[in-house]
Amino acid sequence: MALQQPVLIGRPEKRIMESERKDDKDMEHYIVYWPQDVVNALKKAKDEGPIKVVYGSIHSRMPSIASVREGDIIYPVSLIKNQFYVMARLPVEHKEQAFDYCLRELGTQHSALIPDGIAMECRNAGGGIYYWTGNCESYHDRESVPKGMRIISLSEQVEKPHQAHQEPFNCCSKHAAWGTGGSSICPRPLPAELVPGLRFGPKGKERPLTFRRDGTVLPSSLTSTGA
């Protein structure tokens, strides 16, 4: 979801997006939509950042961030009571498979897509062990797992302390864009005159928002897949 031009948010001394920054010239600016239930969950968890990661998935609820590159900037936005808010600013220092980020930083998979060549050791409701791959193939014992596949044992899957926003809010996350210079997470009102300039959708195919007759945004126009 590309943001064509940097946007100024809030009072001049509190700008979260600054178009005059010299180091922003070669950066792309992206917006990603956080549904209100995600914002409410972060508030309940008292997660005020700083923001560390943004995920992209194969589903419209958490669209792809395949076009995002290291050096770009991502701005999660949300629609709360028909008012747009910028929730945070994340300069992207690294982009990798969501699976790798989750396993390293969170300790477990958190429903991220399993890459080819990996089998996860799992435990079923009855306590039995089985092995699961990204191709939705299941093996009932270690010996049945194809040779050459890396098996991630249960002992390697131990949850680590982390912030609530570091968990993907949807299944099948594919990419994780992360950095160490993120802002705090809190709603910052986007001036109404800037809202019509927002574009959602895959890079190069962005579409403007759709408005109802009363001037409010149609939520379905916020969930275009792709970045």
# chains A, B, ... in the order shown; residues from 1 in each chain; ligands from 1
call {"tool": "select_by_dssp", "arguments": {"residues": "range 51-106 of chain A", "states": "strand (DSSP E)", "output": "PyMOL selection string"}}
result
chain A and resi 53-57+73-80+83-86+90-91+94-97
call {"tool": "select_by_dssp", "arguments": {"residues": "chain A", "states": "helix (DSSP H, G or I)", "output": "PyMOL selection string"}}
result
chain A and resi 12-14+22-24+36-44+98-106+142-144+154-156+164-166+192-197+219-222
call {"tool": "write_last_selection", "arguments": {"atoms": "N, CA and C atoms", "output": "compact mmCIF listing (two decimals), in the first residue's frame"}}
result
# COMPACT_ATOMS: atom_id res chain seq x y z
N PRO A 12 3.94 20.88 14.01
CA PRO A 12 5.26 20.82 13.36
C PRO A 12 6.33 20.17 14.21
N GLU A 13 6.33 20.44 15.53
CA GLU A 13 7.38 19.87 16.36
C GLU A 13 7.11 18.41 16.72
N LYS A 14 5.94 17.90 16.33
CA LYS A 14 5.59 16.52 16.64
C LYS A 14 5.37 15.70 15.38
N LYS A 22 16.49 14.85 4.74
CA LYS A 22 17.41 14.60 3.64
C LYS A 22 17.53 13.11 3.34
N ASP A 23 17.45 12.26 4.39
CA ASP A 23 17.64 10.83 4.18
C ASP A 23 16.38 10.15 3.68
N ASP A 24 15.29 10.90 3.45
CA ASP A 24 14.05 10.30 2.97
C ASP A 24 13.95 10.32 1.44
N GLN A 36 -9.63 -2.07 13.69
CA GLN A 36 -9.85 -1.51 15.01
C GLN A 36 -9.69 -2.55 16.11
N ASP A 37 -10.04 -3.81 15.83
CA ASP A 37 -9.89 -4.83 16.87
C ASP A 37 -8.42 -5.06 17.21
N VAL A 38 -7.54 -4.85 16.23
CA VAL A 38 -6.10 -4.97 16.49
C VAL A 38 -5.64 -3.83 17.40
N VAL A 39 -6.10 -2.63 17.09
CA VAL A 39 -5.76 -1.46 17.91
C VAL A 39 -6.28 -1.65 19.33
N ASN A 40 -7.50 -2.17 19.46
CA ASN A 40 -8.08 -2.41 20.79
C ASN A 40 -7.28 -3.45 21.56
N ALA A 41 -6.81 -4.48 20.86
CA ALA A 41 -6.02 -5.53 21.51
C ALA A 41 -4.69 -4.99 22.02
N LEU A 42 -4.06 -4.11 21.24
CA LEU A 42 -2.80 -3.51 21.67
C LEU A 42 -3.03 -2.61 22.89
N LYS A 43 -4.14 -1.90 22.87
CA LYS A 43 -4.48 -1.03 24.00
C LYS A 43 -4.71 -1.86 25.25
N LYS A 44 -5.42 -2.98 25.11
CA LYS A 44 -5.69 -3.85 26.24
C LYS A 44 -4.40 -4.44 26.79
N ALA A 98 8.55 -14.07 7.60
CA ALA A 98 7.91 -13.92 8.90
C ALA A 98 8.22 -15.11 9.80
N PHE A 99 8.31 -16.29 9.21
CA PHE A 99 8.61 -17.50 9.98
C PHE A 99 9.94 -17.34 10.72
N ASP A 100 10.96 -16.86 10.03
CA ASP A 100 12.28 -16.71 10.64
C ASP A 100 12.25 -15.68 11.77
N TYR A 101 11.54 -14.56 11.53
CA TYR A 101 11.45 -13.53 12.56
C TYR A 101 10.72 -14.06 13.79
N CYS A 102 9.58 -14.71 13.57
CA CYS A 102 8.78 -15.20 14.70
C CYS A 102 9.55 -16.23 15.52
N LEU A 103 10.21 -17.15 14.84
CA LEU A 103 10.93 -18.20 15.56
C LEU A 103 12.09 -17.61 16.37
N ARG A 104 12.78 -16.63 15.79
CA ARG A 104 13.94 -16.05 16.47
C ARG A 104 13.53 -15.09 17.59
N GLU A 105 12.57 -14.21 17.30
CA GLU A 105 12.23 -13.15 18.25
C GLU A 105 11.13 -13.53 19.23
N LEU A 106 10.18 -14.37 18.79
CA LEU A 106 9.06 -14.75 19.65
C LEU A 106 9.21 -16.15 20.22
N ARG A 142 9.32 -39.24 12.99
CA ARG A 142 10.49 -38.54 12.45
C ARG A 142 11.08 -39.26 11.25
N GLU A 143 11.03 -40.58 11.28
CA GLU A 143 11.64 -41.37 10.21
C GLU A 143 10.92 -41.17 8.88
N SER A 144 9.66 -40.76 8.93
CA SER A 144 8.89 -40.57 7.70
C SER A 144 9.14 -39.22 7.03
N LEU A 154 10.22 -29.61 19.22
CA LEU A 154 9.43 -28.89 20.22
C LEU A 154 10.33 -28.16 21.21
N SER A 155 11.50 -28.72 21.47
CA SER A 155 12.42 -28.09 22.43
C SER A 155 12.96 -26.76 21.90
N GLU A 156 12.90 -26.58 20.57
CA GLU A 156 13.34 -25.32 19.96
C GLU A 156 12.22 -24.30 19.89
N ALA A 164 3.01 -7.20 22.35
CA ALA A 164 1.82 -7.73 21.68
C ALA A 164 1.85 -7.50 20.18
N HIS A 165 2.33 -6.33 19.72
CA HIS A 165 2.30 -6.05 18.29
C HIS A 165 3.29 -6.90 17.51
N GLN A 166 4.20 -7.60 18.20
CA GLN A 166 5.15 -8.46 17.50
C GLN A 166 4.51 -9.77 17.06
N ALA A 192 -8.14 15.81 8.08
CA ALA A 192 -9.19 15.36 7.17
C ALA A 192 -8.87 15.68 5.71
N GLU A 193 -8.20 16.80 5.46
CA GLU A 193 -7.93 17.19 4.08
C GLU A 193 -6.91 16.28 3.40
N LEU A 194 -6.18 15.48 4.19
CA LEU A 194 -5.19 14.58 3.61
C LEU A 194 -5.75 13.20 3.29
N VAL A 195 -6.89 12.86 3.88
CA VAL A 195 -7.45 11.51 3.71
C VAL A 195 -7.74 11.17 2.25
N PRO A 196 -8.34 12.07 1.44
CA PRO A 196 -8.61 11.71 0.04
C PRO A 196 -7.35 11.37 -0.75
N GLY A 197 -6.19 11.78 -0.28
CA GLY A 197 -4.95 11.50 -0.99
C GLY A 197 -4.36 10.14 -0.69
N PRO A 219 -15.26 0.88 4.73
CA PRO A 219 -14.17 0.04 5.25
C PRO A 219 -13.60 -0.95 4.25
N SER A 220 -14.43 -1.46 3.33
CA SER A 220 -13.94 -2.46 2.37
C SER A 220 -12.85 -1.90 1.47
N SER A 221 -12.78 -0.57 1.30
CA SER A 221 -11.75 0.02 0.44
C SER A 221 -10.39 0.07 1.13
N LEU A 222 -10.35 -0.34 2.41
CA LEU A 222 -9.09 -0.32 3.17
C LEU A 222 -8.37 -1.66 3.12
call {"tool": "atom_distance", "arguments": {"atom1": "CA of Pro187 in chain A", "atom2": "CA of Val86 in chain A"}}
result
5.8 Å
call {"tool": "residues_around", "arguments": {"residues": "Met149 in chain A", "least_positions_apart": "3", "cutoff": "7 Å", "atoms": "only C-alpha atoms", "output": "PDB file with N, CA and C atoms, in the first residue's frame"}}
result
ATOM      1  N   GLY A 117      11.206 -26.989   2.852  1.00  0.00           N
ATOM      2  CA  GLY A 117      12.367 -27.655   3.431  1.00  0.00           C
ATOM      3  C   GLY A 117      12.368 -27.717   4.942  1.00  0.00           C
ATOM      4  N   ILE A 118      11.264 -27.296   5.574  1.00  0.00           N
ATOM      5  CA  ILE A 118      11.189 -27.307   7.037  1.00  0.00           C
ATOM      6  C   ILE A 118       9.965 -28.096   7.488  1.00  0.00           C
ATOM      7  N   ALA A 119      10.149 -28.901   8.525  1.00  0.00           N
ATOM      8  CA  ALA A 119       9.050 -29.639   9.145  1.00  0.00           C
ATOM      9  C   ALA A 119       9.007 -29.271  10.620  1.00  0.00           C
ATOM     10  N   PRO A 146      10.824 -36.570   4.906  1.00  0.00           N
ATOM     11  CA  PRO A 146      11.780 -36.707   3.798  1.00  0.00           C
ATOM     12  C   PRO A 146      13.184 -36.257   4.191  1.00  0.00           C
TER      13      PRO A 146
END
call {"tool": "atom_distance", "arguments": {"atom1": "CA of Phe84 in chain A", "atom2": "CA of Ile31 in chain A"}}
result
11.9 Å
call {"tool": "residues_around", "arguments": {"residues": "range 174-181 of chain A", "least_positions_apart": "3", "cutoff": "7 Å", "atoms": "only C-alpha atoms", "output": "compact mmCIF listing (two decimals) with N, CA and C atoms, in the first residue's frame"}}
result
# COMPACT_ATOMS: atom_id res chain seq x y z
N LYS A 52 8.28 -2.40 16.50
CA LYS A 52 9.46 -3.13 16.07
C LYS A 52 9.28 -3.84 14.73
N VAL A 53 8.03 -4.21 14.40
CA VAL A 53 7.84 -5.04 13.21
C VAL A 53 6.45 -4.82 12.62
N VAL A 54 6.36 -4.98 11.30
CA VAL A 54 5.09 -5.00 10.58
C VAL A 54 5.11 -6.24 9.69
N TYR A 55 3.99 -6.97 9.68
CA TYR A 55 3.90 -8.19 8.89
C TYR A 55 3.03 -8.00 7.65
N GLY A 56 3.28 -8.86 6.67
CA GLY A 56 2.42 -8.96 5.51
C GLY A 56 2.07 -10.42 5.30
N SER A 57 0.84 -10.67 4.84
CA SER A 57 0.40 -12.06 4.66
C SER A 57 -0.19 -12.24 3.28
N ILE A 58 -0.80 -13.39 3.05
CA ILE A 58 -1.45 -13.67 1.78
C ILE A 58 -2.94 -13.34 1.83
N ILE A 65 3.40 -7.22 2.01
CA ILE A 65 4.36 -6.12 2.03
C ILE A 65 5.55 -6.49 1.15
N LEU A 90 7.60 3.20 11.26
CA LEU A 90 8.65 2.18 11.35
C LEU A 90 9.62 2.30 10.17
N PRO A 91 10.83 2.81 10.40
CA PRO A 91 11.87 2.75 9.36
C PRO A 91 12.34 1.30 9.23
N VAL A 92 12.28 0.76 8.03
CA VAL A 92 12.61 -0.65 7.82
C VAL A 92 14.11 -0.84 7.67
N GLU A 93 14.69 -1.60 8.58
CA GLU A 93 16.11 -1.91 8.52
C GLU A 93 16.36 -3.29 7.92
N HIS A 94 15.39 -4.19 8.09
CA HIS A 94 15.53 -5.56 7.58
C HIS A 94 14.16 -6.07 7.13
N LYS A 95 14.17 -6.94 6.12
CA LYS A 95 12.96 -7.66 5.74
C LYS A 95 13.33 -9.12 5.54
N GLU A 96 12.53 -10.01 6.11
CA GLU A 96 12.82 -11.43 6.02
C GLU A 96 11.51 -12.21 6.07
N GLN A 97 11.62 -13.53 5.98
CA GLN A 97 10.43 -14.35 6.10
C GLN A 97 9.87 -14.21 7.51
N ALA A 98 8.55 -14.07 7.60
CA ALA A 98 7.91 -13.92 8.90
C ALA A 98 8.22 -15.11 9.80
N TYR A 101 11.54 -14.56 11.53
CA TYR A 101 11.45 -13.53 12.56
C TYR A 101 10.72 -14.06 13.79
N ALA A 112 2.86 -18.34 11.20
CA ALA A 112 3.53 -17.84 10.00
C ALA A 112 3.68 -18.98 9.00
N LEU A 113 3.74 -18.64 7.71
CA LEU A 113 3.92 -19.66 6.68
C LEU A 113 5.24 -20.39 6.89
call {"tool": "atom_distance", "arguments": {"atom1": "CA of Cys172 in chain A", "atom2": "CA of Ile114 in chain A"}}
result
8.6 Å
call {"tool": "closest_atom_pairs", "arguments": {"of": "range 197-217 of chain A", "to": "range 71-78 of chain A", "cutoff": "12 Å", "atoms": "only C-alpha atoms", "output": "JSON lines"}}
result
{"residue": "A:Leu198", "atom": "CA", "partner": "A:Val77", "partner_atom": "CA", "distance": 10.6}
{"residue": "A:Phe200", "atom": "CA", "partner": "A:Val77", "partner_atom": "CA", "distance": 11.3}
{"residue": "A:Val217", "atom": "CA", "partner": "A:Ser78", "partner_atom": "CA", "distance": 11.5}
call {"tool": "residues_around", "arguments": {"residues": "Ala88 in chain A", "least_positions_apart": "6", "cutoff": "7 Å", "atoms": "only C-alpha atoms", "output": "number ranges by chain"}}
result
A: 51, 75-76, 183-186
call {"tool": "write_last_selection", "arguments": {"atoms": "N, CA and C atoms", "output": "PDB file, in the first residue's frame"}}
result
ATOM      1  N   ILE A  51       7.340   0.561  18.150  1.00  0.00           N
ATOM      2  CA  ILE A  51       7.015  -0.448  17.158  1.00  0.00           C
ATOM      3  C   ILE A  51       8.297  -1.081  16.627  1.00  0.00           C
ATOM      4  N   TYR A  75       3.914   3.111   7.768  1.00  0.00           N
ATOM      5  CA  TYR A  75       3.046   3.795   8.724  1.00  0.00           C
ATOM      6  C   TYR A  75       1.759   2.993   8.898  1.00  0.00           C
ATOM      7  N   PRO A  76       1.591   2.273   9.996  1.00  0.00           N
ATOM      8  CA  PRO A  76       0.294   1.642  10.257  1.00  0.00           C
ATOM      9  C   PRO A  76      -0.752   2.727  10.523  1.00  0.00           C
ATOM     10  N   SER A 183       8.716   4.346  16.175  1.00  0.00           N
ATOM     11  CA  SER A 183       8.108   5.313  17.088  1.00  0.00           C
ATOM     12  C   SER A 183       7.258   4.597  18.132  1.00  0.00           C
ATOM     13  N   SER A 184       6.693   5.377  19.032  1.00  0.00           N
ATOM     14  CA  SER A 184       5.716   4.837  19.968  1.00  0.00           C
ATOM     15  C   SER A 184       4.449   4.476  19.200  1.00  0.00           C
ATOM     16  N   ILE A 185       3.610   3.653  19.802  1.00  0.00           N
ATOM     17  CA  ILE A 185       2.339   3.261  19.196  1.00  0.00           C
ATOM     18  C   ILE A 185       1.219   4.004  19.914  1.00  0.00           C
ATOM     19  N   CYS A 186       0.592   4.925  19.212  1.00  0.00           N
ATOM     20  CA  CYS A 186      -0.532   5.664  19.771  1.00  0.00           C
ATOM     21  C   CYS A 186      -1.252   6.360  18.623  1.00  0.00           C
TER      22      CYS A 186
END
call {"tool": "closest_residue", "arguments": {"among": "A:Cys122, A:Val145, A:Pro115, A:Gln83", "to": "Thr216 in chain A", "atoms": "only C-alpha atoms"}}
result
A:Gln83
call {"tool": "closest_residue", "arguments": {"among": "A:Met87, A:Val32, A:Ala66, A:Leu218", "to": "Gly49 in chain A", "atoms": "only C-alpha atoms"}}
result
A:Met87
call {"tool": "decode", "arguments": {"residues": "range 139-220 of chain A", "atoms": "C-alpha atoms", "output": "PDB file, in the first residue's frame"}}
result
ATOM      1  CA  TYR A 139       4.145 -37.211   9.041  1.00  0.00           C
ATOM      2  CA  HIS A 140       3.455 -39.343  12.081  1.00  0.00           C
ATOM      3  CA  ASP A 141       7.070 -40.089  12.977  1.00  0.00           C
ATOM      4  CA  ARG A 142      10.485 -38.538  12.455  1.00  0.00           C
ATOM      5  CA  GLU A 143      11.636 -41.365  10.209  1.00  0.00           C
ATOM      6  CA  SER A 144       8.887 -40.574   7.699  1.00  0.00           C
ATOM      7  CA  VAL A 145      10.020 -36.977   7.199  1.00  0.00           C
ATOM      8  CA  PRO A 146      11.780 -36.707   3.798  1.00  0.00           C
ATOM      9  CA  LYS A 147      15.550 -36.652   4.003  1.00  0.00           C
ATOM     10  CA  GLY A 148      17.098 -33.220   3.754  1.00  0.00           C
ATOM     11  CA  MET A 149      14.260 -31.448   5.538  1.00  0.00           C
ATOM     12  CA  ARG A 150      15.155 -29.470   8.629  1.00  0.00           C
ATOM     13  CA  ILE A 151      13.100 -30.579  11.610  1.00  0.00           C
ATOM     14  CA  ILE A 152      12.389 -27.926  14.235  1.00  0.00           C
ATOM     15  CA  SER A 153      11.831 -29.828  17.449  1.00  0.00           C
ATOM     16  CA  LEU A 154       9.434 -28.888  20.222  1.00  0.00           C
ATOM     17  CA  SER A 155      12.421 -28.088  22.427  1.00  0.00           C
ATOM     18  CA  GLU A 156      13.343 -25.324  19.961  1.00  0.00           C
ATOM     19  CA  GLN A 157       9.838 -23.855  20.100  1.00  0.00           C
ATOM     20  CA  VAL A 158       9.804 -22.004  23.398  1.00  0.00           C
ATOM     21  CA  GLU A 159       7.868 -18.750  23.701  1.00  0.00           C
ATOM     22  CA  LYS A 160      10.012 -15.696  24.451  1.00  0.00           C
ATOM     23  CA  PRO A 161       8.962 -12.420  26.088  1.00  0.00           C
ATOM     24  CA  HIS A 162       7.772  -9.946  23.474  1.00  0.00           C
ATOM     25  CA  GLN A 163       5.379  -7.078  22.841  1.00  0.00           C
ATOM     26  CA  ALA A 164       1.824  -7.727  21.684  1.00  0.00           C
ATOM     27  CA  HIS A 165       2.304  -6.048  18.291  1.00  0.00           C
ATOM     28  CA  GLN A 166       5.146  -8.462  17.502  1.00  0.00           C
ATOM     29  CA  GLU A 167       2.589 -11.243  17.088  1.00  0.00           C
ATOM     30  CA  PRO A 168       1.036 -11.408  13.597  1.00  0.00           C
ATOM     31  CA  PHE A 169      -2.646 -10.487  13.947  1.00  0.00           C
ATOM     32  CA  ASN A 170      -3.575 -12.855  11.128  1.00  0.00           C
ATOM     33  CA  CYS A 171      -2.508 -16.327  10.048  1.00  0.00           C
ATOM     34  CA  CYS A 172      -0.236 -17.072   7.080  1.00  0.00           C
ATOM     35  CA  SER A 173       2.109 -14.116   7.549  1.00  0.00           C
ATOM     36  CA  LYS A 174       4.779 -14.246   4.837  1.00  0.00           C
ATOM     37  CA  HIS A 175       7.135 -11.313   5.369  1.00  0.00           C
ATOM     38  CA  ALA A 176       8.303  -9.365   8.394  1.00  0.00           C
ATOM     39  CA  ALA A 177       9.712  -5.851   8.017  1.00  0.00           C
ATOM     40  CA  TRP A 178      11.481  -4.724  11.152  1.00  0.00           C
ATOM     41  CA  GLY A 179      13.780  -2.127  12.604  1.00  0.00           C
ATOM     42  CA  THR A 180      15.097  -0.644  15.828  1.00  0.00           C
ATOM     43  CA  GLY A 181      14.114   2.986  15.235  1.00  0.00           C
ATOM     44  CA  GLY A 182      10.334   2.733  15.423  1.00  0.00           C
ATOM     45  CA  SER A 183       8.108   5.313  17.088  1.00  0.00           C
ATOM     46  CA  SER A 184       5.716   4.837  19.968  1.00  0.00           C
ATOM     47  CA  ILE A 185       2.339   3.261  19.196  1.00  0.00           C
ATOM     48  CA  CYS A 186      -0.532   5.664  19.771  1.00  0.00           C
ATOM     49  CA  PRO A 187      -3.302   7.245  17.666  1.00  0.00           C
ATOM     50  CA  ARG A 188      -2.256  10.454  15.910  1.00  0.00           C
ATOM     51  CA  PRO A 189      -5.126  12.104  14.011  1.00  0.00           C
ATOM     52  CA  LEU A 190      -4.632  12.485  10.283  1.00  0.00           C
ATOM     53  CA  PRO A 191      -5.908  15.873   9.050  1.00  0.00           C
ATOM     54  CA  ALA A 192      -9.188  15.357   7.167  1.00  0.00           C
ATOM     55  CA  GLU A 193      -7.934  17.193   4.079  1.00  0.00           C
ATOM     56  CA  LEU A 194      -5.187  14.581   3.609  1.00  0.00           C
ATOM     57  CA  VAL A 195      -7.454  11.511   3.710  1.00  0.00           C
ATOM     58  CA  PRO A 196      -8.605  11.706   0.044  1.00  0.00           C
ATOM     59  CA  GLY A 197      -4.949  11.498  -0.992  1.00  0.00           C
ATOM     60  CA  LEU A 198      -4.421   8.086   0.607  1.00  0.00           C
ATOM     61  CA  ARG A 199      -4.106   5.143  -1.775  1.00  0.00           C
ATOM     62  CA  PHE A 200      -4.509   1.462  -0.901  1.00  0.00           C
ATOM     63  CA  GLY A 201      -3.560  -1.562  -2.988  1.00  0.00           C
ATOM     64  CA  PRO A 202      -0.545  -3.248  -4.632  1.00  0.00           C
ATOM     65  CA  LYS A 203       2.289  -0.941  -5.638  1.00  0.00           C
ATOM     66  CA  GLY A 204       1.513   0.513  -9.043  1.00  0.00           C
ATOM     67  CA  LYS A 205      -2.162  -0.428  -8.717  1.00  0.00           C
ATOM     68  CA  GLU A 206      -3.142   1.762  -5.784  1.00  0.00           C
ATOM     69  CA  ARG A 207      -6.744   2.858  -5.594  1.00  0.00           C
ATOM     70  CA  PRO A 208      -8.312   5.826  -3.806  1.00  0.00           C
ATOM     71  CA  LEU A 209     -10.613   5.293  -0.867  1.00  0.00           C
ATOM     72  CA  THR A 210     -14.333   4.891  -1.431  1.00  0.00           C
ATOM     73  CA  PHE A 211     -16.575   7.275   0.478  1.00  0.00           C
ATOM     74  CA  ARG A 212     -20.220   6.956   1.478  1.00  0.00           C
ATOM     75  CA  ARG A 213     -22.682   9.744   0.765  1.00  0.00           C
ATOM     76  CA  ASP A 214     -22.198  11.106   4.284  1.00  0.00           C
ATOM     77  CA  GLY A 215     -18.459  11.465   3.648  1.00  0.00           C
ATOM     78  CA  THR A 216     -17.324   8.526   5.786  1.00  0.00           C
ATOM     79  CA  VAL A 217     -14.906   5.920   4.434  1.00  0.00           C
ATOM     80  CA  LEU A 218     -16.210   2.572   3.201  1.00  0.00           C
ATOM     81  CA  PRO A 219     -14.172   0.037   5.252  1.00  0.00           C
ATOM     82  CA  SER A 220     -13.942  -2.455   2.368  1.00  0.00           C
TER      83      SER A 220
END
